[in-house]
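Below: start.cif (mmCIF, C-alpha atoms (C1' of nucleotides))
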```cif
data_protein
loop_
_atom_site.group_PDB
_atom_site.id
_atom_site.type_symbol
_atom_site.label_atom_id
_atom_site.label_comp_id
_atom_site.auth_asym_id
_atom_site.auth_seq_id
_atom_site.Cartn_x
_atom_site.Cartn_y
_atom_site.Cartn_z
ATOM 1 C CA MET A 1 0.000 0.000 0.000
ATOM 2 C CA SER A 2 3.012 2.241 0.139
ATOM 3 C CA LEU A 3 2.511 5.453 -1.746
ATOM 4 C CA SER A 4 5.606 7.069 -3.097
ATOM 5 C CA LYS A 5 6.644 9.880 -0.839
ATOM 6 C CA ASP A 6 7.597 12.530 -3.329
ATOM 7 C CA ASP A 7 4.768 11.815 -5.653
ATOM 8 C CA THR A 8 3.923 15.005 -7.448
ATOM 9 C CA SER A 9 0.268 14.175 -7.969
ATOM 10 C CA LEU A 10 -1.490 16.666 -5.811
ATOM 11 C CA LYS A 11 -3.054 15.506 -2.625
ATOM 12 C CA SER A 12 -4.793 17.538 -0.018
ATOM 13 C CA TYR A 13 -6.382 17.023 3.348
ATOM 14 C CA PHE A 14 -8.607 18.589 5.916
ATOM 15 C CA VAL A 15 -9.409 17.612 9.475
ATOM 16 C CA PHE A 16 -12.376 18.313 11.693
ATOM 17 C CA LYS A 17 -13.688 17.481 15.110
ATOM 18 C CA THR A 18 -16.763 15.361 15.694
ATOM 19 C CA GLY A 19 -18.640 13.898 18.600
ATOM 20 C CA LEU A 20 -16.561 10.751 18.170
ATOM 21 C CA GLY A 21 -13.121 12.250 17.879
ATOM 22 C CA TRP A 22 -11.063 13.978 15.239
ATOM 23 C CA CYS A 23 -11.574 12.948 11.650
ATOM 24 C CA GLY A 24 -9.763 13.704 8.438
ATOM 25 C CA VAL A 25 -10.135 13.268 4.713
ATOM 26 C CA VAL A 26 -7.299 13.018 2.225
ATOM 27 C CA SER A 27 -8.086 13.400 -1.453
ATOM 28 C CA SER A 28 -6.395 13.189 -4.788
ATOM 29 C CA LYS A 29 -7.610 14.600 -8.044
ATOM 30 C CA LYS A 30 -9.547 11.425 -8.619
ATOM 31 C CA GLY A 31 -11.396 11.370 -5.332
ATOM 32 C CA ILE A 32 -11.085 10.448 -1.702
ATOM 33 C CA LEU A 33 -7.869 8.639 -0.942
ATOM 34 C CA ARG A 34 -8.223 8.054 2.745
ATOM 35 C CA ILE A 35 -10.639 8.666 5.585
ATOM 36 C CA LEU A 36 -9.400 8.841 9.157
ATOM 37 C CA MET A 37 -11.523 8.897 12.250
ATOM 38 C CA GLY A 38 -11.540 8.429 15.964
ATOM 39 C CA TYR A 39 -8.355 10.319 16.787
ATOM 40 C CA PRO A 40 -8.068 11.945 20.221
ATOM 41 C CA SER A 41 -6.488 15.222 19.129
ATOM 42 C CA ARG A 42 -5.668 17.404 16.194
ATOM 43 C CA GLU A 43 -1.968 16.716 16.667
ATOM 44 C CA ARG A 44 -2.383 12.975 16.517
ATOM 45 C CA ILE A 45 -4.364 12.958 13.330
ATOM 46 C CA LEU A 46 -2.014 15.416 11.657
ATOM 47 C CA ARG A 47 0.934 13.281 12.607
ATOM 48 C CA LYS A 48 -0.751 10.269 11.113
ATOM 49 C CA ILE A 49 -1.488 12.059 7.864
ATOM 50 C CA VAL A 50 2.052 13.320 7.527
ATOM 51 C CA ALA A 51 3.437 9.881 8.304
ATOM 52 C CA GLU A 52 1.392 8.356 5.545
ATOM 53 C CA PHE A 53 1.432 11.012 2.850
ATOM 54 C CA GLY A 54 4.487 13.108 3.549
ATOM 55 C CA ARG A 55 5.070 16.612 4.741
ATOM 56 C CA SER A 56 4.337 18.229 1.431
ATOM 57 C CA ILE A 57 0.638 17.427 1.472
ATOM 58 C CA ALA A 58 -1.501 20.537 1.198
ATOM 59 C CA LYS A 59 -4.220 21.616 3.532
ATOM 60 C CA THR A 60 -7.504 22.541 1.979
ATOM 61 C CA PRO A 61 -10.692 24.032 3.382
ATOM 62 C CA ALA A 62 -13.215 21.374 4.314
ATOM 63 C CA LYS A 63 -15.014 21.470 1.043
ATOM 64 C CA GLY A 64 -17.791 19.181 0.028
ATOM 65 C CA ASN A 65 -20.334 17.637 2.318
ATOM 66 C CA ILE A 66 -18.418 14.615 3.463
ATOM 67 C CA ALA A 67 -17.518 16.195 6.798
ATOM 68 C CA ASP A 68 -21.138 17.165 7.392
ATOM 69 C CA LYS A 69 -22.270 13.694 6.508
ATOM 70 C CA ILE A 70 -19.871 12.111 8.944
ATOM 71 C CA LYS A 71 -20.984 14.409 11.711
ATOM 72 C CA ARG A 72 -24.600 13.704 10.965
ATOM 73 C CA TYR A 73 -23.939 9.976 10.925
ATOM 74 C CA PHE A 74 -22.157 10.149 14.259
ATOM 75 C CA SER A 75 -25.116 11.866 15.832
ATOM 76 C CA GLY A 76 -27.461 9.119 14.762
ATOM 77 C CA GLY A 77 -28.474 10.115 11.261
ATOM 78 C CA LYS A 78 -29.140 7.416 8.719
ATOM 79 C CA VAL A 79 -26.637 8.681 6.210
ATOM 80 C CA SER A 80 -25.697 6.969 2.993
ATOM 81 C CA PHE A 81 -22.206 7.885 1.960
ATOM 82 C CA LYS A 82 -22.152 8.255 -1.752
ATOM 83 C CA CYS A 83 -18.916 9.880 -2.731
ATOM 84 C CA VAL A 84 -16.164 9.513 -5.230
ATOM 85 C CA LEU A 85 -13.320 7.335 -4.065
ATOM 86 C CA ASP A 86 -9.884 7.038 -5.567
ATOM 87 C CA TRP A 87 -9.102 3.391 -5.266
ATOM 88 C CA SER A 88 -6.748 3.177 -8.185
ATOM 89 C CA PHE A 89 -4.035 1.867 -5.888
ATOM 90 C CA LEU A 90 -6.030 -1.076 -4.520
ATOM 91 C CA SER A 91 -5.607 -4.686 -5.524
ATOM 92 C CA PRO A 92 -8.360 -6.407 -7.498
ATOM 93 C CA PHE A 93 -9.227 -8.459 -4.462
ATOM 94 C CA GLN A 94 -9.564 -5.398 -2.259
ATOM 95 C CA LYS A 95 -11.840 -3.793 -4.817
ATOM 96 C CA LYS A 96 -14.078 -6.842 -4.877
ATOM 97 C CA VAL A 97 -14.273 -6.983 -1.109
ATOM 98 C CA PHE A 98 -14.948 -3.277 -0.684
ATOM 99 C CA LYS A 99 -17.552 -3.264 -3.400
ATOM 100 C CA ALA A 100 -19.366 -6.176 -1.816
ATOM 101 C CA SER A 101 -19.153 -4.614 1.584
ATOM 102 C CA MET A 102 -20.690 -1.365 0.339
ATOM 103 C CA LYS A 103 -23.833 -3.309 -0.410
ATOM 104 C CA ILE A 104 -24.468 -4.022 3.240
ATOM 105 C CA PRO A 105 -27.258 -1.613 4.133
ATOM 106 C CA TYR A 106 -27.366 0.676 7.126
ATOM 107 C CA GLY A 107 -28.382 -1.268 10.189
ATOM 108 C CA ALA A 108 -27.420 -4.667 8.794
ATOM 109 C CA VAL A 109 -24.436 -6.865 9.508
ATOM 110 C CA GLU A 110 -22.752 -9.668 7.652
ATOM 111 C CA SER A 111 -20.098 -12.217 8.520
ATOM 112 C CA TYR A 112 -16.619 -12.292 7.047
ATOM 113 C CA GLY A 113 -17.367 -15.658 5.497
ATOM 114 C CA SER A 114 -20.607 -14.584 3.900
ATOM 115 C CA LEU A 115 -18.985 -11.478 2.517
ATOM 116 C CA ALA A 116 -16.186 -13.623 1.125
ATOM 117 C CA LYS A 117 -18.728 -15.707 -0.722
ATOM 118 C CA LYS A 118 -20.390 -12.631 -2.176
ATOM 119 C CA ALA A 119 -17.024 -11.329 -3.275
ATOM 120 C CA GLY A 120 -16.524 -14.532 -5.216
ATOM 121 C CA CYS A 121 -14.053 -16.103 -2.859
ATOM 122 C CA PRO A 122 -16.005 -18.746 -0.934
ATOM 123 C CA ARG A 123 -13.284 -19.781 1.491
ATOM 124 C CA GLY A 124 -11.625 -16.444 1.803
ATOM 125 C CA SER A 125 -12.983 -15.268 5.121
ATOM 126 C CA ARG A 126 -9.571 -14.601 6.538
ATOM 127 C CA ALA A 127 -8.467 -12.834 3.424
ATOM 128 C CA VAL A 128 -11.551 -10.653 3.705
ATOM 129 C CA GLY A 129 -10.581 -9.860 7.259
ATOM 130 C CA GLY A 130 -7.151 -8.950 6.029
ATOM 131 C CA ALA A 131 -8.521 -6.656 3.349
ATOM 132 C CA LEU A 132 -10.913 -4.929 5.710
ATOM 133 C CA ALA A 133 -8.144 -4.496 8.251
ATOM 134 C CA ARG A 134 -6.576 -2.060 5.821
ATOM 135 C CA ASN A 135 -9.723 -0.381 4.605
ATOM 136 C CA PRO A 136 -8.741 3.196 3.704
ATOM 137 C CA PHE A 137 -12.356 4.380 3.592
ATOM 138 C CA PRO A 138 -14.050 3.531 6.876
ATOM 139 C CA LEU A 139 -17.761 4.472 6.977
ATOM 140 C CA VAL A 140 -17.947 4.813 3.189
ATOM 141 C CA VAL A 141 -16.820 1.207 2.959
ATOM 142 C CA PRO A 142 -18.706 0.049 6.031
ATOM 143 C CA CYS A 143 -16.285 -2.495 7.386
ATOM 144 C CA HIS A 144 -17.816 -1.991 10.834
ATOM 145 C CA ARG A 145 -20.854 -3.949 9.610
ATOM 146 C CA VAL A 146 -18.768 -7.060 9.112
ATOM 147 C CA ILE A 147 -18.598 -9.260 12.175
ATOM 148 C CA ARG A 148 -17.900 -12.862 13.035
ATOM 149 C CA LYS A 149 -20.288 -15.615 12.283
ATOM 150 C CA ASP A 150 -20.899 -16.293 15.969
ATOM 151 C CA GLY A 151 -22.015 -12.724 16.529
ATOM 152 C CA SER A 152 -18.895 -11.470 18.234
ATOM 153 C CA LEU A 153 -17.421 -8.315 16.870
ATOM 154 C CA GLY A 154 -14.199 -9.384 15.208
ATOM 155 C CA GLY A 155 -11.631 -6.637 14.853
ATOM 156 C CA PHE A 156 -11.429 -2.977 13.973
ATOM 157 C CA SER A 157 -8.224 -1.272 13.070
ATOM 158 C CA ALA A 158 -9.398 2.256 12.327
ATOM 159 C CA GLY A 159 -8.725 4.916 14.923
ATOM 160 C CA GLY A 160 -10.944 4.360 17.900
ATOM 161 C CA GLY A 161 -10.508 0.612 17.750
ATOM 162 C CA LEU A 162 -13.057 -1.979 18.709
ATOM 163 C CA GLU A 163 -14.828 0.447 21.013
ATOM 164 C CA LEU A 164 -15.620 2.619 18.043
ATOM 165 C CA LYS A 165 -16.872 -0.347 16.059
ATOM 166 C CA LYS A 166 -19.220 -1.140 18.886
ATOM 167 C CA LYS A 167 -20.439 2.440 19.017
ATOM 168 C CA LEU A 168 -21.101 2.561 15.299
ATOM 169 C CA LEU A 169 -23.099 -0.639 15.417
ATOM 170 C CA LYS A 170 -25.009 0.709 18.349
ATOM 171 C CA LEU A 171 -25.786 3.858 16.380
ATOM 172 C CA GLU A 172 -27.261 1.643 13.718
ATOM 173 C CA GLY A 173 -29.245 -0.300 16.267
ATOM 174 C CA GLN A 174 -27.185 -3.448 15.956
ATOM 175 C CA VAL A 175 -25.590 -4.001 19.321
ATOM 176 C CA ARG A 176 -27.823 -5.290 22.028
ATOM 177 C CA ASN A 177 -26.531 -4.993 25.550
ATOM 178 C CA SER A 178 -25.042 -8.460 25.389
ATOM 179 C CA ASN A 179 -21.560 -7.007 25.765
ATOM 180 C CA LYS A 180 -20.196 -9.833 23.750
ATOM 181 C "C1'" DA B 1 9.116 -19.176 0.771
ATOM 182 C "C1'" DA B 2 8.127 -18.105 4.840
ATOM 183 C "C1'" DC B 3 5.416 -15.740 8.022
ATOM 184 C "C1'" DC B 4 1.223 -13.031 9.640
ATOM 185 C "C1'" DC B 5 -4.046 -12.365 10.150
ATOM 186 C "C1'" DG B 6 -10.267 -8.265 11.918
ATOM 187 C "C1'" DC B 7 -11.935 -16.314 10.108
ATOM 188 C "C1'" DC B 8 -14.566 -20.776 10.266
ATOM 189 C "C1'" DC B 9 -15.907 -25.179 11.719
ATOM 190 C "C1'" DA B 10 -16.170 -29.298 14.308
ATOM 191 C "C1'" DA B 11 -15.060 -31.436 18.390
ATOM 192 C "C1'" DC B 12 -14.151 -31.404 22.476
ATOM 193 C "C1'" DT B 13 -13.890 -29.884 28.280
ATOM 194 C "C1'" DA C 1 -18.691 -20.393 28.539
ATOM 195 C "C1'" DG C 2 -13.691 -21.470 26.577
ATOM 196 C "C1'" DT C 3 -9.865 -24.212 23.873
ATOM 197 C "C1'" DT C 4 -7.635 -26.867 20.096
ATOM 198 C "C1'" DG C 5 -6.407 -28.194 15.651
ATOM 199 C "C1'" DG C 6 -6.830 -28.159 10.773
ATOM 200 C "C1'" DG C 7 -7.794 -25.625 6.821
ATOM 201 C "C1'" DC C 8 -8.229 -21.412 4.492
ATOM 202 C "C1'" DG C 9 -6.567 -17.168 0.865
ATOM 203 C "C1'" DG C 10 -4.153 -12.567 0.312
ATOM 204 C "C1'" DG C 11 -0.700 -9.547 1.639
ATOM 205 C "C1'" DT C 12 3.906 -8.491 3.159
ATOM 206 C "C1'" DT C 13 8.880 -9.018 3.633
#
```
Rewrite the structure from the file as structure tokens, please.
Amino acid sequence: MSLSKDDTSLKSYFVFKTGLGWCGVVSSKKGILRILMGYPSRERILRKIVAEFGRSIAKTPAKGNIADKIKRYFSGGKVSFKCVLDWSFLSPFQKKVFKASMKIPYGAVESYGSLAKKAGCPRGSRAVGGALARNPFPLVVPCHRVIRKDGSLGGFSAGGGLELKKKLLKLEGQVRNSNK
DNA sequence: AACCCGCCCAACT
DNA sequence: AGTTGGGCGGGTT
């Protein structure tokens, strides 16, 4: 996934604060390159962005409605994230998995295995887990809706960790108080 | 060519 | 409830 550091293709970012931590969006000319969320401070998220995209990345005013959508979603709105993504750097397998996962509707969940089947890779549950573990577009590619077959949560590697996954599912009405 | 995994399933205790 | 052991497929080094 390594992006060349001194790539001249222009990238830009903006960050913003939400009820569930600091979030950020990095874009290229083609679309959104990366969504970050769940960071505890402005410094932390900036450091992360610089670490991944280099110091030369440009800051841009929070244009577009993606920030508003995320905020609305975090406060309980049933938001559907339709936005242009730049996934030119993803592997074919990742594209298949992300595409399949975007079909999971708000408020629904699906298991890694079942998603693997829908992505055309019937025994690829672990591979699906691996792909989702590096999902650059959390929320837009709703990897938080993918859980284990037995109902336990599985993992979540975006900022905020498993706790955030639990919160998101709760927002969507999916986590009973089982505390599993 | 080895590792690592956000898994799954059956078969146990 | 938890553990084990085999199998799994993609990604990374």
List as a tab-separated table every residue of chain B that is in contact with chain A, defined as an atom at most 9 Å from one of its atoms (using all atoms listed in the file), together with the nearest atom pair and the distance in Å rounded to one decimal, sorted by chain and then rising number.
```
residue	atom	partner	partner_atom	distance
B:DC5	C1'	A:Gly130	CA	6.2
B:DG6	C1'	A:Gly155	CA	3.6
B:DC7	C1'	A:Arg126	CA	4.6
B:DC8	C1'	A:Gly113	CA	7.5
```
Report as JSON lines the residues of chain C within 12 Å of chain A, each with its shortest atom pair and distance in Å (one decimal), using only C-alpha atoms (C1' of nucleotides), ordered by chain and increasing residue number.
```
{"residue": "C:DA1", "atom": "C1'", "partner": "A:Lys180", "partner_atom": "CA", "distance": 11.7}
{"residue": "C:DG7", "atom": "C1'", "partner": "A:Arg123", "partner_atom": "CA", "distance": 9.6}
{"residue": "C:DC8", "atom": "C1'", "partner": "A:Arg123", "partner_atom": "CA", "distance": 6.1}
{"residue": "C:DG9", "atom": "C1'", "partner": "A:Gly124", "partner_atom": "CA", "distance": 5.2}
{"residue": "C:DG10", "atom": "C1'", "partner": "A:Ala127", "partner_atom": "CA", "distance": 5.3}
{"residue": "C:DG11", "atom": "C1'", "partner": "A:Gly130", "partner_atom": "CA", "distance": 7.8}
{"residue": "C:DT12", "atom": "C1'", "partner": "A:Met1", "partner_atom": "CA", "distance": 9.9}
```
May I ask for the distance between atom CA of A:Gly21 and atom CA of A:Ile66, given in Å to one decimal place?
-> 15.5 Å
Between atom CA of A:Leu85 and atom CA of A:Lys170, distance in Å (one decimal) =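 These two atoms are separated by 26.1 Å.
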Find the residues near C:DG5: any atom within 12 Å, counting all atoms listed in the file, skip ones fewer than 4 places away on the same chain, and give them as a VMD selection string.
-> chain B and resid 9 to 12
Residues returned when the PyMOL selection byres ((chain B and resi 1) around 12) runs on this file, as a PyMOL selection string | (chain B and resi 2-3) or (chain C and resi 13)
Mind pulling up the distance from atom CA of A:Trp22 to atom CA of A:Glu172?
->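 Atom CA of A:Glu172 sits 20.4 Å away from atom CA of A:Trp22.
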Residues picked by the PyMOL selection byres ((chain A and resi 31-41) around 8) here, as a PyMOL selection string?
-> chain A and resi 20-30+42-45+83-87+136-138+158-160+164
Selection under test: the PyMOL selection byres ((chain A and resi 19) around 8); residues as an NGL selection string = :A and (17-18 or 20-21 or 71 or 74-75)
Selection from above, C-alpha atoms, as a short mmCIF file (atom, residue, chain, number, x, y, z; two decimals), keeping the file's coordinate frame, can you write it?
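Listing of part29.cif after writing:
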```cif
data_model
loop_
_atom_site.label_atom_id
_atom_site.label_comp_id
_atom_site.auth_asym_id
_atom_site.auth_seq_id
_atom_site.Cartn_x
_atom_site.Cartn_y
_atom_site.Cartn_z
CA LYS A 17 -13.69 17.48 15.11
CA THR A 18 -16.76 15.36 15.69
CA LEU A 20 -16.56 10.75 18.17
CA GLY A 21 -13.12 12.25 17.88
CA LYS A 71 -20.98 14.41 11.71
CA PHE A 74 -22.16 10.15 14.26
CA SER A 75 -25.12 11.87 15.83
#
```
Box along x, y and z, 4 Å on every side, all listed atoms of chain B inside: centre and edge lengths in Å to one decimal, as JSON.
```
{"center_x": -3.5, "center_y": -19.9, "center_z": 14.5, "size_x": 33.3, "size_y": 31.2, "size_z": 35.5}
```
Protein, DNA and RNA residues within 6 Å of (-10.9, 20.4, 5.2), all atoms listed in the file, as a list of chain:residue names |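 Checked against the point, the hits come out as A:Tyr13, A:Phe14, A:Val15, A:Thr60, A:Pro61, A:Ala62, A:Lys63.
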